[in-house]
$ cat input_17.cif   # mmCIF, C-alpha atoms and all ligand atoms
data_run
#
loop_
_atom_site.group_PDB
_atom_site.id
_atom_site.type_symbol
_atom_site.label_atom_id
_atom_site.label_comp_id
_atom_site.auth_asym_id
_atom_site.auth_seq_id
_atom_site.Cartn_x
_atom_site.Cartn_y
_atom_site.Cartn_z
ATOM 1 C CA MET A 1 26.158 27.143 52.158
ATOM 2 C CA ALA A 2 29.141 25.740 50.333
ATOM 3 C CA ARG A 3 29.754 28.677 47.985
ATOM 4 C CA SER A 4 32.774 30.665 49.133
ATOM 5 C CA GLU A 5 33.196 33.224 46.377
ATOM 6 C CA PHE A 6 31.161 35.459 44.115
ATOM 7 C CA VAL A 7 32.502 36.208 40.643
ATOM 8 C CA GLU A 8 30.679 39.029 38.906
ATOM 9 C CA THR A 9 29.347 38.116 35.449
ATOM 10 C CA LEU A 10 29.033 41.622 33.973
ATOM 11 C CA TYR A 11 31.893 41.282 31.464
ATOM 12 C CA ASP A 12 33.108 38.180 29.585
ATOM 13 C CA ALA A 13 36.823 38.892 29.639
ATOM 14 C CA TYR A 14 37.306 40.558 32.999
ATOM 15 C CA GLY A 15 35.711 40.586 36.381
ATOM 16 C CA GLN A 16 35.929 40.961 40.098
ATOM 17 C CA ARG A 17 35.866 38.278 42.741
ATOM 18 C CA PHE A 18 34.587 38.621 46.294
ATOM 19 C CA ALA A 19 35.245 36.121 49.049
ATOM 20 C CA ILE A 20 31.910 35.259 50.672
ATOM 21 C CA ASP A 21 32.002 35.034 54.469
ATOM 22 C CA GLU A 22 28.310 34.379 54.680
ATOM 23 C CA ILE A 23 25.329 34.298 52.343
ATOM 24 C CA CYS A 24 22.691 36.497 53.969
ATOM 25 C CA PHE A 25 19.873 36.080 51.456
ATOM 26 C CA GLU A 26 19.356 34.556 48.042
ATOM 27 C CA SER A 27 16.211 34.340 45.964
ATOM 28 C CA ARG A 28 14.804 34.477 42.482
ATOM 29 C CA THR A 29 12.375 37.358 42.888
ATOM 30 C CA GLU A 30 9.565 37.907 40.393
ATOM 31 C CA VAL A 31 11.940 40.167 38.467
ATOM 32 C CA GLN A 32 15.557 39.018 38.927
ATOM 33 C CA HIS A 33 18.047 36.941 40.897
ATOM 34 C CA LEU A 34 18.880 38.654 44.200
ATOM 35 C CA LEU A 35 21.942 37.732 46.256
ATOM 36 C CA ILE A 36 23.117 39.394 49.455
ATOM 37 C CA PHE A 37 26.362 38.227 51.053
ATOM 38 C CA HIS A 38 28.993 39.452 53.481
ATOM 39 C CA ASN A 39 32.544 40.235 52.419
ATOM 40 C CA ALA A 40 35.313 41.204 54.842
ATOM 41 C CA LYS A 41 36.369 44.303 52.850
ATOM 42 C CA PHE A 42 33.045 45.645 51.591
ATOM 43 C CA GLY A 43 30.596 44.510 54.276
ATOM 44 C CA ARG A 44 27.271 43.377 52.885
ATOM 45 C CA VAL A 45 27.112 43.245 49.103
ATOM 46 C CA MET A 46 23.990 43.108 46.925
ATOM 47 C CA ALA A 47 24.080 41.540 43.460
ATOM 48 C CA LEU A 48 21.221 41.382 40.971
ATOM 49 C CA ASP A 49 21.450 38.889 38.107
ATOM 50 C CA GLY A 50 25.137 38.342 38.917
ATOM 51 C CA VAL A 51 26.051 42.064 38.867
ATOM 52 C CA VAL A 52 27.147 44.015 41.952
ATOM 53 C CA GLN A 53 24.659 46.784 42.754
ATOM 54 C CA THR A 54 25.769 48.179 46.055
ATOM 55 C CA THR A 55 27.943 47.479 49.075
ATOM 56 C CA GLU A 56 27.867 48.782 52.628
ATOM 57 C CA ARG A 57 31.360 50.269 52.465
ATOM 58 C CA ASP A 58 31.469 52.177 49.179
ATOM 59 C CA GLU A 59 27.827 53.045 48.463
ATOM 60 C CA PHE A 60 28.262 56.643 49.609
ATOM 61 C CA TYR A 61 30.469 57.579 46.639
ATOM 62 C CA TYR A 62 27.680 56.870 44.166
ATOM 63 C CA HIS A 63 24.619 57.879 46.176
ATOM 64 C CA GLU A 64 26.054 61.223 47.288
ATOM 65 C CA MET A 65 27.160 62.154 43.776
ATOM 66 C CA MET A 66 23.874 61.105 42.215
ATOM 67 C CA ALA A 67 21.827 63.125 44.744
ATOM 68 C CA HIS A 68 23.818 66.214 45.652
ATOM 69 C CA VAL A 69 25.199 67.251 42.257
ATOM 70 C CA PRO A 70 21.739 67.773 40.706
ATOM 71 C CA LEU A 71 20.058 69.031 43.878
ATOM 72 C CA PHE A 72 22.712 71.623 44.717
ATOM 73 C CA ALA A 73 23.013 72.637 41.058
ATOM 74 C CA HIS A 74 19.261 73.200 40.979
ATOM 75 C CA GLY A 75 19.176 75.095 44.254
ATOM 76 C CA GLU A 76 15.416 74.954 44.871
ATOM 77 C CA PRO A 77 14.449 71.307 44.386
ATOM 78 C CA ARG A 78 10.939 70.645 45.740
ATOM 79 C CA ARG A 79 9.871 67.502 43.897
ATOM 80 C CA VAL A 80 12.216 64.598 43.202
ATOM 81 C CA LEU A 81 11.494 61.411 41.256
ATOM 82 C CA ILE A 82 13.773 58.402 41.779
ATOM 83 C CA ILE A 83 13.579 55.519 39.316
ATOM 84 C CA GLY A 84 15.091 52.232 40.592
ATOM 85 C CA GLY A 85 17.357 52.628 43.612
ATOM 86 C CA GLY A 86 15.510 50.012 45.676
ATOM 87 C CA ASP A 87 18.277 49.801 48.272
ATOM 88 C CA GLY A 88 17.308 53.263 49.596
ATOM 89 C CA GLY A 89 20.811 54.789 49.588
ATOM 90 C CA LEU A 90 19.944 57.485 47.068
ATOM 91 C CA LEU A 91 16.718 58.241 48.890
ATOM 92 C CA ARG A 92 18.676 58.722 52.134
ATOM 93 C CA GLU A 93 20.782 61.416 50.470
ATOM 94 C CA VAL A 94 17.805 63.109 48.758
ATOM 95 C CA VAL A 95 15.799 63.486 51.974
ATOM 96 C CA LYS A 96 18.766 65.233 53.611
ATOM 97 C CA HIS A 97 17.691 68.252 51.508
ATOM 98 C CA ARG A 98 15.146 70.081 53.640
ATOM 99 C CA LYS A 99 13.912 72.057 50.627
ATOM 100 C CA VAL A 100 12.655 68.811 49.084
ATOM 101 C CA GLU A 101 8.940 68.541 49.831
ATOM 102 C CA HIS A 102 8.100 65.337 48.015
ATOM 103 C CA VAL A 103 9.971 62.268 46.737
ATOM 104 C CA THR A 104 8.394 59.511 44.684
ATOM 105 C CA GLN A 105 10.464 56.404 44.058
ATOM 106 C CA VAL A 106 9.477 53.922 41.358
ATOM 107 C CA GLU A 107 11.174 50.561 41.862
ATOM 108 C CA ILE A 108 10.259 47.510 39.825
ATOM 109 C CA ASP A 109 11.146 44.899 42.456
ATOM 110 C CA ALA A 110 9.512 45.038 45.902
ATOM 111 C CA ALA A 111 11.876 42.314 47.120
ATOM 112 C CA VAL A 112 14.888 44.635 46.689
ATOM 113 C CA VAL A 113 13.264 47.241 48.933
ATOM 114 C CA ASP A 114 12.194 44.676 51.524
ATOM 115 C CA MET A 115 15.538 42.915 51.645
ATOM 116 C CA ALA A 116 17.478 46.194 51.685
ATOM 117 C CA LYS A 117 15.501 47.304 54.751
ATOM 118 C CA THR A 118 16.570 44.099 56.491
ATOM 119 C CA TRP A 119 20.155 43.714 55.286
ATOM 120 C CA PHE A 120 21.210 47.277 54.416
ATOM 121 C CA PRO A 121 19.539 49.401 57.110
ATOM 122 C CA ASP A 122 22.280 52.031 56.838
ATOM 123 C CA HIS A 123 21.465 52.638 53.175
ATOM 124 C CA SER A 124 18.019 54.047 53.886
ATOM 125 C CA ARG A 125 18.542 55.000 57.567
ATOM 126 C CA GLY A 126 14.799 55.399 58.074
ATOM 127 C CA ALA A 127 14.231 57.355 54.842
ATOM 128 C CA PHE A 128 11.536 54.920 53.662
ATOM 129 C CA ASP A 129 9.449 56.249 56.587
ATOM 130 C CA ASP A 130 10.011 59.925 55.757
ATOM 131 C CA PRO A 131 6.595 61.625 55.513
ATOM 132 C CA ARG A 132 7.651 63.258 52.223
ATOM 133 C CA PHE A 133 8.264 59.850 50.629
ATOM 134 C CA HIS A 134 5.996 57.819 48.392
ATOM 135 C CA LEU A 135 6.960 54.377 47.026
ATOM 136 C CA VAL A 136 5.531 52.935 43.818
ATOM 137 C CA ILE A 137 6.314 49.357 42.828
ATOM 138 C CA ALA A 138 6.210 49.461 39.034
ATOM 139 C CA ASP A 139 8.308 49.612 35.907
ATOM 140 C CA GLY A 140 9.865 53.086 35.807
ATOM 141 C CA ALA A 141 9.355 53.372 32.041
ATOM 142 C CA GLU A 142 5.670 52.588 32.347
ATOM 143 C CA PHE A 143 5.340 55.074 35.227
ATOM 144 C CA VAL A 144 6.861 57.990 33.330
ATOM 145 C CA ARG A 145 4.846 57.175 30.185
ATOM 146 C CA THR A 146 1.595 57.933 31.999
ATOM 147 C CA ALA A 147 2.848 60.409 34.633
ATOM 148 C CA GLU A 148 1.179 63.806 34.755
ATOM 149 C CA ASP A 149 3.058 65.542 37.572
ATOM 150 C CA SER A 150 6.327 67.341 36.928
ATOM 151 C CA TRP A 151 9.644 67.061 38.756
ATOM 152 C CA ASP A 152 12.591 69.296 39.584
ATOM 153 C CA ALA A 153 14.956 66.328 39.532
ATOM 154 C CA ILE A 154 14.589 62.861 38.016
ATOM 155 C CA LEU A 155 17.295 60.500 39.257
ATOM 156 C CA ILE A 156 17.669 57.192 37.406
ATOM 157 C CA ASP A 157 19.403 54.768 39.795
ATOM 158 C CA SER A 158 19.137 51.790 37.475
ATOM 159 C CA THR A 159 20.802 48.452 36.975
ATOM 160 C CA ASP A 160 22.877 48.035 33.812
ATOM 161 C CA PRO A 161 21.022 47.883 30.485
ATOM 162 C CA ILE A 162 20.408 44.164 30.764
ATOM 163 C CA GLY A 163 17.112 42.621 31.893
ATOM 164 C CA PRO A 164 14.578 44.914 33.592
ATOM 165 C CA GLY A 165 16.905 47.933 33.477
ATOM 166 C CA GLU A 166 17.282 47.924 29.672
ATOM 167 C CA VAL A 167 14.198 50.029 29.081
ATOM 168 C CA LEU A 168 15.635 52.777 31.312
ATOM 169 C CA PHE A 169 18.300 53.424 28.656
ATOM 170 C CA SER A 170 15.855 53.805 25.743
ATOM 171 C CA ASN A 171 15.000 56.917 23.743
ATOM 172 C CA PRO A 172 11.236 56.744 24.463
ATOM 173 C CA PHE A 173 12.026 56.621 28.193
ATOM 174 C CA TYR A 174 14.289 59.696 28.009
ATOM 175 C CA GLN A 175 11.634 61.456 25.940
ATOM 176 C CA GLN A 176 9.000 60.867 28.608
ATOM 177 C CA CYS A 177 11.391 62.024 31.329
ATOM 178 C CA LYS A 178 11.930 65.244 29.401
ATOM 179 C CA ARG A 179 8.160 65.709 29.178
ATOM 180 C CA ILE A 180 7.732 65.529 32.965
ATOM 181 C CA LEU A 181 10.757 67.657 33.951
ATOM 182 C CA ALA A 182 9.648 70.962 35.483
ATOM 183 C CA PRO A 183 11.135 74.150 33.981
ATOM 184 C CA GLY A 184 14.697 74.324 35.296
ATOM 185 C CA GLY A 185 14.555 70.614 36.132
ATOM 186 C CA VAL A 186 17.385 68.147 35.619
ATOM 187 C CA MET A 187 17.656 64.420 34.959
ATOM 188 C CA VAL A 188 20.626 62.293 36.069
ATOM 189 C CA THR A 189 21.222 58.763 34.786
ATOM 190 C CA GLN A 190 23.468 55.833 35.700
ATOM 191 C CA ASN A 191 25.671 55.366 32.642
ATOM 192 C CA GLY A 192 28.246 52.748 33.504
ATOM 193 C CA VAL A 193 32.028 52.731 33.424
ATOM 194 C CA PRO A 194 33.255 54.169 30.102
ATOM 195 C CA PHE A 195 36.453 52.125 29.971
ATOM 196 C CA MET A 196 34.310 48.983 30.045
ATOM 197 C CA GLN A 197 30.953 50.186 28.675
ATOM 198 C CA LEU A 198 31.667 53.054 26.289
ATOM 199 C CA ASP A 199 28.625 52.214 24.163
ATOM 200 C CA GLU A 200 26.338 53.056 27.113
ATOM 201 C CA VAL A 201 27.734 56.575 27.079
ATOM 202 C CA THR A 202 27.659 57.021 23.296
ATOM 203 C CA LYS A 203 24.082 55.720 22.978
ATOM 204 C CA THR A 204 22.814 57.934 25.774
ATOM 205 C CA ALA A 205 24.714 60.919 24.341
ATOM 206 C CA ARG A 206 23.012 60.364 20.975
ATOM 207 C CA ALA A 207 19.598 60.317 22.635
ATOM 208 C CA PHE A 208 20.307 63.368 24.818
ATOM 209 C CA ARG A 209 21.656 65.372 21.867
ATOM 210 C CA ASP A 210 18.293 65.144 20.091
ATOM 211 C CA LEU A 211 16.234 65.924 23.162
ATOM 212 C CA PHE A 212 17.897 68.322 25.585
ATOM 213 C CA ALA A 213 19.204 71.881 25.302
ATOM 214 C CA ASP A 214 22.050 71.025 27.684
ATOM 215 C CA TRP A 215 23.460 67.570 28.317
ATOM 216 C CA HIS A 216 26.744 66.106 29.494
ATOM 217 C CA PHE A 217 28.136 63.474 31.840
ATOM 218 C CA TYR A 218 29.973 63.707 35.116
ATOM 219 C CA GLY A 219 32.312 61.306 36.780
ATOM 220 C CA VAL A 220 32.736 59.398 39.998
ATOM 221 C CA ALA A 221 35.046 56.433 40.577
ATOM 222 C CA VAL A 222 33.206 53.849 42.691
ATOM 223 C CA PRO A 223 35.460 51.005 43.876
ATOM 224 C CA THR A 224 33.034 48.167 43.161
ATOM 225 C CA TYR A 225 31.841 49.503 39.803
ATOM 226 C CA ILE A 226 35.054 48.078 38.511
ATOM 227 C CA GLY A 227 37.027 49.563 35.615
ATOM 228 C CA GLY A 228 37.747 53.138 36.687
ATOM 229 C CA MET A 229 35.567 56.229 36.659
ATOM 230 C CA MET A 230 31.864 55.777 36.019
ATOM 231 C CA THR A 231 29.731 58.351 34.254
ATOM 232 C CA LEU A 232 26.424 59.793 35.363
ATOM 233 C CA GLY A 233 24.375 61.363 32.582
ATOM 234 C CA TRP A 234 23.096 64.942 32.890
ATOM 235 C CA ALA A 235 20.174 66.280 30.863
ATOM 236 C CA THR A 236 18.239 69.525 31.223
ATOM 237 C CA GLN A 237 16.788 72.423 29.281
ATOM 238 C CA ASP A 238 18.619 74.858 31.587
ATOM 239 C CA ALA A 239 22.280 75.265 30.652
ATOM 240 C CA THR A 240 23.049 77.387 33.712
ATOM 241 C CA LEU A 241 22.720 74.424 36.100
ATOM 242 C CA ARG A 242 25.873 72.701 34.914
ATOM 243 C CA SER A 243 28.071 75.748 35.247
ATOM 244 C CA GLN A 244 27.166 76.760 38.791
ATOM 245 C CA LYS A 245 30.208 78.426 40.303
ATOM 246 C CA ALA A 246 32.002 76.623 43.131
ATOM 247 C CA ALA A 247 31.245 79.633 45.378
ATOM 248 C CA VAL A 248 27.490 79.262 44.776
ATOM 249 C CA LEU A 249 27.691 75.535 45.463
ATOM 250 C CA GLU A 250 29.681 76.241 48.652
ATOM 251 C CA GLU A 251 27.008 78.656 49.815
ATOM 252 C CA ARG A 252 24.170 76.198 49.152
ATOM 253 C CA PHE A 253 26.072 73.335 50.754
ATOM 254 C CA ALA A 254 26.793 75.370 53.896
ATOM 255 C CA ALA A 255 23.193 76.593 54.137
ATOM 256 C CA ALA A 256 21.834 73.042 53.775
ATOM 257 C CA ALA A 257 24.131 71.802 56.583
ATOM 258 C CA ILE A 258 24.226 68.348 55.039
ATOM 259 C CA GLU A 259 26.921 65.945 56.173
ATOM 260 C CA THR A 260 28.678 64.048 53.410
ATOM 261 C CA ARG A 261 31.603 61.660 53.146
ATOM 262 C CA TYR A 262 32.382 61.982 49.431
ATOM 263 C CA TYR A 263 30.579 64.999 47.995
ATOM 264 C CA THR A 264 32.161 68.414 48.285
ATOM 265 C CA PRO A 265 31.309 71.525 46.253
ATOM 266 C CA ALA A 266 34.843 71.425 44.811
ATOM 267 C CA ILE A 267 34.410 67.834 43.605
ATOM 268 C CA HIS A 268 31.032 68.850 42.177
ATOM 269 C CA ALA A 269 32.471 71.795 40.254
ATOM 270 C CA GLY A 270 35.202 69.612 38.730
ATOM 271 C CA ALA A 271 33.143 66.489 38.079
ATOM 272 C CA PHE A 272 31.965 67.553 34.617
ATOM 273 C CA ALA A 273 35.541 67.550 33.296
ATOM 274 C CA LEU A 274 35.786 64.320 31.330
ATOM 275 C CA PRO A 275 38.734 62.339 29.987
ATOM 276 C CA ARG A 276 39.430 63.138 26.336
ATOM 277 C CA PHE A 277 38.391 59.664 25.100
ATOM 278 C CA VAL A 278 34.962 60.146 26.692
ATOM 279 C CA GLU A 279 34.612 63.630 25.184
ATOM 280 C CA GLN A 280 35.433 62.152 21.793
ATOM 281 C CA ALA A 281 32.949 59.312 22.259
ATOM 282 C CA ILE A 282 30.137 61.765 22.995
ATOM 283 C CA GLY A 283 31.164 64.151 20.212
ATOM 284 C CA LYS A 284 32.283 67.077 22.371
HETATM 285 N N1 LIG A 301 23.727 51.807 41.682
HETATM 286 C C1 LIG A 301 23.544 50.535 41.116
HETATM 287 C C2 LIG A 301 24.451 50.231 39.956
HETATM 288 O O1 LIG A 301 24.883 51.159 39.276
HETATM 289 O O2 LIG A 301 24.750 49.051 39.756
HETATM 290 C C3 LIG A 301 22.110 50.302 40.865
HETATM 291 C C4 LIG A 301 21.505 49.848 42.143
HETATM 292 S S1 LIG A 301 19.806 49.886 42.314
HETATM 293 C C5 LIG A 301 19.659 48.616 43.512
HETATM 294 C C6 LIG A 301 19.109 49.401 40.786
HETATM 295 C C7 LIG A 301 17.608 49.154 40.936
HETATM 296 O O3 LIG A 301 16.934 49.396 39.706
HETATM 297 C C8 LIG A 301 17.261 47.714 41.346
HETATM 298 O O4 LIG A 301 16.662 47.737 42.609
HETATM 299 C C9 LIG A 301 16.304 47.237 40.252
HETATM 300 O O5 LIG A 301 15.288 46.395 40.732
HETATM 301 C C10 LIG A 301 15.778 48.560 39.725
HETATM 302 N N2 LIG A 301 15.233 48.499 38.355
HETATM 303 C C11 LIG A 301 15.706 47.818 37.290
HETATM 304 N N3 LIG A 301 14.923 47.996 36.226
HETATM 305 C C12 LIG A 301 13.915 48.833 36.608
HETATM 306 C C13 LIG A 301 12.804 49.403 35.949
HETATM 307 N N4 LIG A 301 12.539 49.132 34.666
HETATM 308 N N5 LIG A 301 11.980 50.236 36.646
HETATM 309 C C14 LIG A 301 12.225 50.518 37.965
HETATM 310 N N6 LIG A 301 13.273 49.984 38.640
HETATM 311 C C15 LIG A 301 14.118 49.171 37.976
#

$ encode --input "input_17.cif" --output "structure tokens"
Amino acid sequence: MARSEFVETLYDAYGQRFAIDEICFESRTEVQHLLIFHNAKFGRVMALDGVVQTTERDEFYYHEMMAHVPLFAHGEPRRVLIIGGGDGGLLREVVKHRKVEHVTQVEIDAAVVDMAKTWFPDHSRGAFDDPRFHLVIADGAEFVRTAEDSWDAILIDSTDPIGPGEVLFSNPFYQQCKRILAPGGVMVTQNGVPFMQLDEVTKTARAFRDLFADWHFYGVAVPTYIGGMMTLGWATQDATLRSQKAAVLEERFAAAAIETRYYTPAIHAGAFALPRFVEQAIGK
């Protein structure tokens, strides 16, 4: 194909450009535009509707922090619900926890899962075949609206609040997630890069404030989520989860014998410290 570069369309005034070595796959799925290409620095890159979702080289920053912070903070996670996350990278990290007995993932676009298995095999590393795993192809908001089971962790690995992902940032969605959280359960959300998308953080903070006894955000700087540190939202009725001591996290991490490349208990313990401008934006 003639195209030699991909310019992300997420922001009007600023963006990132990737040289394309090779287009691996491109299609308009039933839900969104899906592009997978190879870049010399990042390996394979997946974009949905013109926005970078994941790359082979830096995916571990995000997936490890989205999985291990809530699961080690919880300590006894048995049932985990993933919304979105069709590439399987988050699932790979969740199933590393042997205490987890069941994972349901609700992804709206079957093509993302299928194409990720082909083009990003290291994201899922066989996790889609884990006997504890159950895949549902459906809108996550619709799923939680009618769900009856409860969950120790609900992990929202969503696209940005544009297109199919928009509903995953809405108050009714958060309300339903709260309803199906088990006692002591925790929800984590993808909340964008505050330097670029501060309104995502403020809107979610407003919703969390009305719903949850304890809520906050924690940070991770992912190279291809351009613009500096991104925030992951944290919402629970159990305020003790967020203040787990580093020593407790160390103990749980050692006992789980999970190998990571980004996550450490020390990073976990410090991740809830936010820049002042973010604290001000969320009213803390
Ligand atoms: N970590 C990425 C980021 O921050 O850009 C997100 C990657 S992940 C591939 C996002 C997934 O959410 C996509 O596979 C997309 O199809 C899925 N998704 C979007 N809206 C959804 C919805 N309403 N219900 C379930 N899945 C949804």

$ residues_near_ligand --input "input_17.cif" --ligand "ligand LIG 301 (chain A)" --cutoff "7 Å" --atoms "all atoms listed in the file" --output "PyMOL selection string"
chain A and resi 52-54+62+83-87+106-109+112+138-141+157-160+164-168+190+192

$ write_last_selection --input "input_17.cif" --atoms "C-alpha atoms" --output "short mmCIF file (atom, residue, chain, number, x, y, z; two decimals), in the coordinates of the input"
data_model
loop_
_atom_site.label_atom_id
_atom_site.label_comp_id
_atom_site.auth_asym_id
_atom_site.auth_seq_id
_atom_site.Cartn_x
_atom_site.Cartn_y
_atom_site.Cartn_z
CA VAL A 52 27.15 44.02 41.95
CA GLN A 53 24.66 46.78 42.75
CA THR A 54 25.77 48.18 46.06
CA TYR A 62 27.68 56.87 44.17
CA ILE A 83 13.58 55.52 39.32
CA GLY A 84 15.09 52.23 40.59
CA GLY A 85 17.36 52.63 43.61
CA GLY A 86 15.51 50.01 45.68
CA ASP A 87 18.28 49.80 48.27
CA VAL A 106 9.48 53.92 41.36
CA GLU A 107 11.17 50.56 41.86
CA ILE A 108 10.26 47.51 39.83
CA ASP A 109 11.15 44.90 42.46
CA VAL A 112 14.89 44.64 46.69
CA ALA A 138 6.21 49.46 39.03
CA ASP A 139 8.31 49.61 35.91
CA GLY A 140 9.86 53.09 35.81
CA ALA A 141 9.36 53.37 32.04
CA ASP A 157 19.40 54.77 39.80
CA SER A 158 19.14 51.79 37.48
CA THR A 159 20.80 48.45 36.98
CA ASP A 160 22.88 48.04 33.81
CA PRO A 164 14.58 44.91 33.59
CA GLY A 165 16.90 47.93 33.48
CA GLU A 166 17.28 47.92 29.67
CA VAL A 167 14.20 50.03 29.08
CA LEU A 168 15.64 52.78 31.31
CA GLN A 190 23.47 55.83 35.70
CA GLY A 192 28.25 52.75 33.50
#

$ closest_atom_pairs --input "input_17.cif" --of "stretch 145-232 of chain A" --to "stretch 6-28 of chain A" --cutoff "12 Å" --atoms "all atoms listed in the file" --output "CSV"
residue,atom,partner,partner_atom,distance
A:Thr159,CA,A:Leu10,CA,11.1
A:Asp160,CA,A:Leu10,CA,8.9
A:Pro161,CA,A:Leu10,CA,10.7
A:Ile162,CA,A:Leu10,CA,9.5
A:Gly192,CA,A:Leu10,CA,11.2
A:Val193,CA,A:Leu10,CA,11.5
A:Phe195,CA,A:Tyr11,CA,11.9
A:Met196,CA,A:Tyr11,CA,8.2
A:Gln197,CA,A:Tyr11,CA,9.4
A:Pro223,CA,A:Gln16,CA,10.7
A:Thr224,CA,A:Gln16,CA,8.3
A:Tyr225,CA,A:Gln16,CA,9.5
A:Ile226,CA,A:Gln16,CA,7.3
A:Gly227,CA,A:Gly15,CA,9.1

$ closest_residue --input "input_17.cif" --among "A:Phe277, A:Tyr262, A:Phe133, A:Phe208" --to "A:Val222" --atoms "only C-alpha atoms"
A:Tyr262

$ resolve_selection --input "input_17.cif" --expression "the PyMOL selection byres (((chain A and resi 178) around 12) and not hetatm)" --output "count of residues only"
38

$ resolve_selection --input "input_17.cif" --expression "the PyMOL selection byres (((chain A and resi 49) around 9) and not hetatm)" --output "NGL selection string"
:A and (9 or 32-35 or 47-48 or 50-52 or 163)

$ atom_distance --input "input_17.cif" --atom1 "atom CA of A:Phe37" --atom2 "atom CA of A:Leu81"
29.2 Å

$ closest_residue --input "input_17.cif" --among "A:Leu90, A:Leu274, A:Leu241, A:Ala110" --to "A:Glu30" --atoms "only C-alpha atoms"
A:Ala110

$ decode --input "input_17.cif" --residues "stretch 21-35 of chain A" --atoms "N, CA and C atoms" --output "PDB file, in the first residue's frame"
ATOM      1  N   ASP A  21       5.977   0.822   8.256  1.00  0.00           N
ATOM      2  CA  ASP A  21       6.817  -0.075   7.435  1.00  0.00           C
ATOM      3  C   ASP A  21       5.926  -0.949   6.571  1.00  0.00           C
ATOM      4  N   GLU A  22       4.803  -1.346   7.209  1.00  0.00           N
ATOM      5  CA  GLU A  22       3.936  -2.305   6.523  1.00  0.00           C
ATOM      6  C   GLU A  22       2.543  -2.211   7.124  1.00  0.00           C
ATOM      7  N   ILE A  23       1.521  -2.189   6.293  1.00  0.00           N
ATOM      8  CA  ILE A  23       0.160  -2.290   6.830  1.00  0.00           C
ATOM      9  C   ILE A  23      -0.159  -3.776   6.956  1.00  0.00           C
ATOM     10  N   CYS A  24      -0.494  -4.204   8.154  1.00  0.00           N
ATOM     11  CA  CYS A  24      -0.754  -5.627   8.400  1.00  0.00           C
ATOM     12  C   CYS A  24      -2.215  -5.935   8.121  1.00  0.00           C
ATOM     13  N   PHE A  25      -3.098  -5.036   8.562  1.00  0.00           N
ATOM     14  CA  PHE A  25      -4.539  -5.303   8.434  1.00  0.00           C
ATOM     15  C   PHE A  25      -5.280  -3.978   8.513  1.00  0.00           C
ATOM     16  N   GLU A  26      -6.304  -3.844   7.674  1.00  0.00           N
ATOM     17  CA  GLU A  26      -7.137  -2.650   7.759  1.00  0.00           C
ATOM     18  C   GLU A  26      -8.550  -3.026   7.388  1.00  0.00           C
ATOM     19  N   SER A  27      -9.517  -2.576   8.193  1.00  0.00           N
ATOM     20  CA  SER A  27     -10.903  -2.900   7.861  1.00  0.00           C
ATOM     21  C   SER A  27     -11.854  -1.979   8.607  1.00  0.00           C
ATOM     22  N   ARG A  28     -13.015  -1.757   7.999  1.00  0.00           N
ATOM     23  CA  ARG A  28     -14.087  -1.115   8.755  1.00  0.00           C
ATOM     24  C   ARG A  28     -14.883  -2.259   9.355  1.00  0.00           C
ATOM     25  N   THR A  29     -14.758  -2.461  10.655  1.00  0.00           N
ATOM     26  CA  THR A  29     -15.494  -3.550  11.296  1.00  0.00           C
ATOM     27  C   THR A  29     -16.947  -3.090  11.428  1.00  0.00           C
ATOM     28  N   GLU A  30     -17.779  -3.902  12.066  1.00  0.00           N
ATOM     29  CA  GLU A  30     -19.165  -3.457  12.260  1.00  0.00           C
ATOM     30  C   GLU A  30     -19.231  -2.268  13.213  1.00  0.00           C
ATOM     31  N   VAL A  31     -18.154  -2.073  13.984  1.00  0.00           N
ATOM     32  CA  VAL A  31     -18.197  -1.076  15.064  1.00  0.00           C
ATOM     33  C   VAL A  31     -17.319   0.140  14.789  1.00  0.00           C
ATOM     34  N   GLN A  32     -16.135  -0.072  14.167  1.00  0.00           N
ATOM     35  CA  GLN A  32     -15.156   1.011  14.062  1.00  0.00           C
ATOM     36  C   GLN A  32     -14.130   0.706  12.989  1.00  0.00           C
ATOM     37  N   HIS A  33     -13.275   1.698  12.700  1.00  0.00           N
ATOM     38  CA  HIS A  33     -12.203   1.480  11.725  1.00  0.00           C
ATOM     39  C   HIS A  33     -10.999   0.895  12.467  1.00  0.00           C
ATOM     40  N   LEU A  34     -10.507  -0.242  11.973  1.00  0.00           N
ATOM     41  CA  LEU A  34      -9.400  -0.942  12.631  1.00  0.00           C
ATOM     42  C   LEU A  34      -8.197  -0.965  11.700  1.00  0.00           C
ATOM     43  N   LEU A  35      -7.069  -0.466  12.209  1.00  0.00           N
ATOM     44  CA  LEU A  35      -5.826  -0.461  11.427  1.00  0.00           C
ATOM     45  C   LEU A  35      -4.716  -1.076  12.261  1.00  0.00           C
TER      46      LEU A  35
END
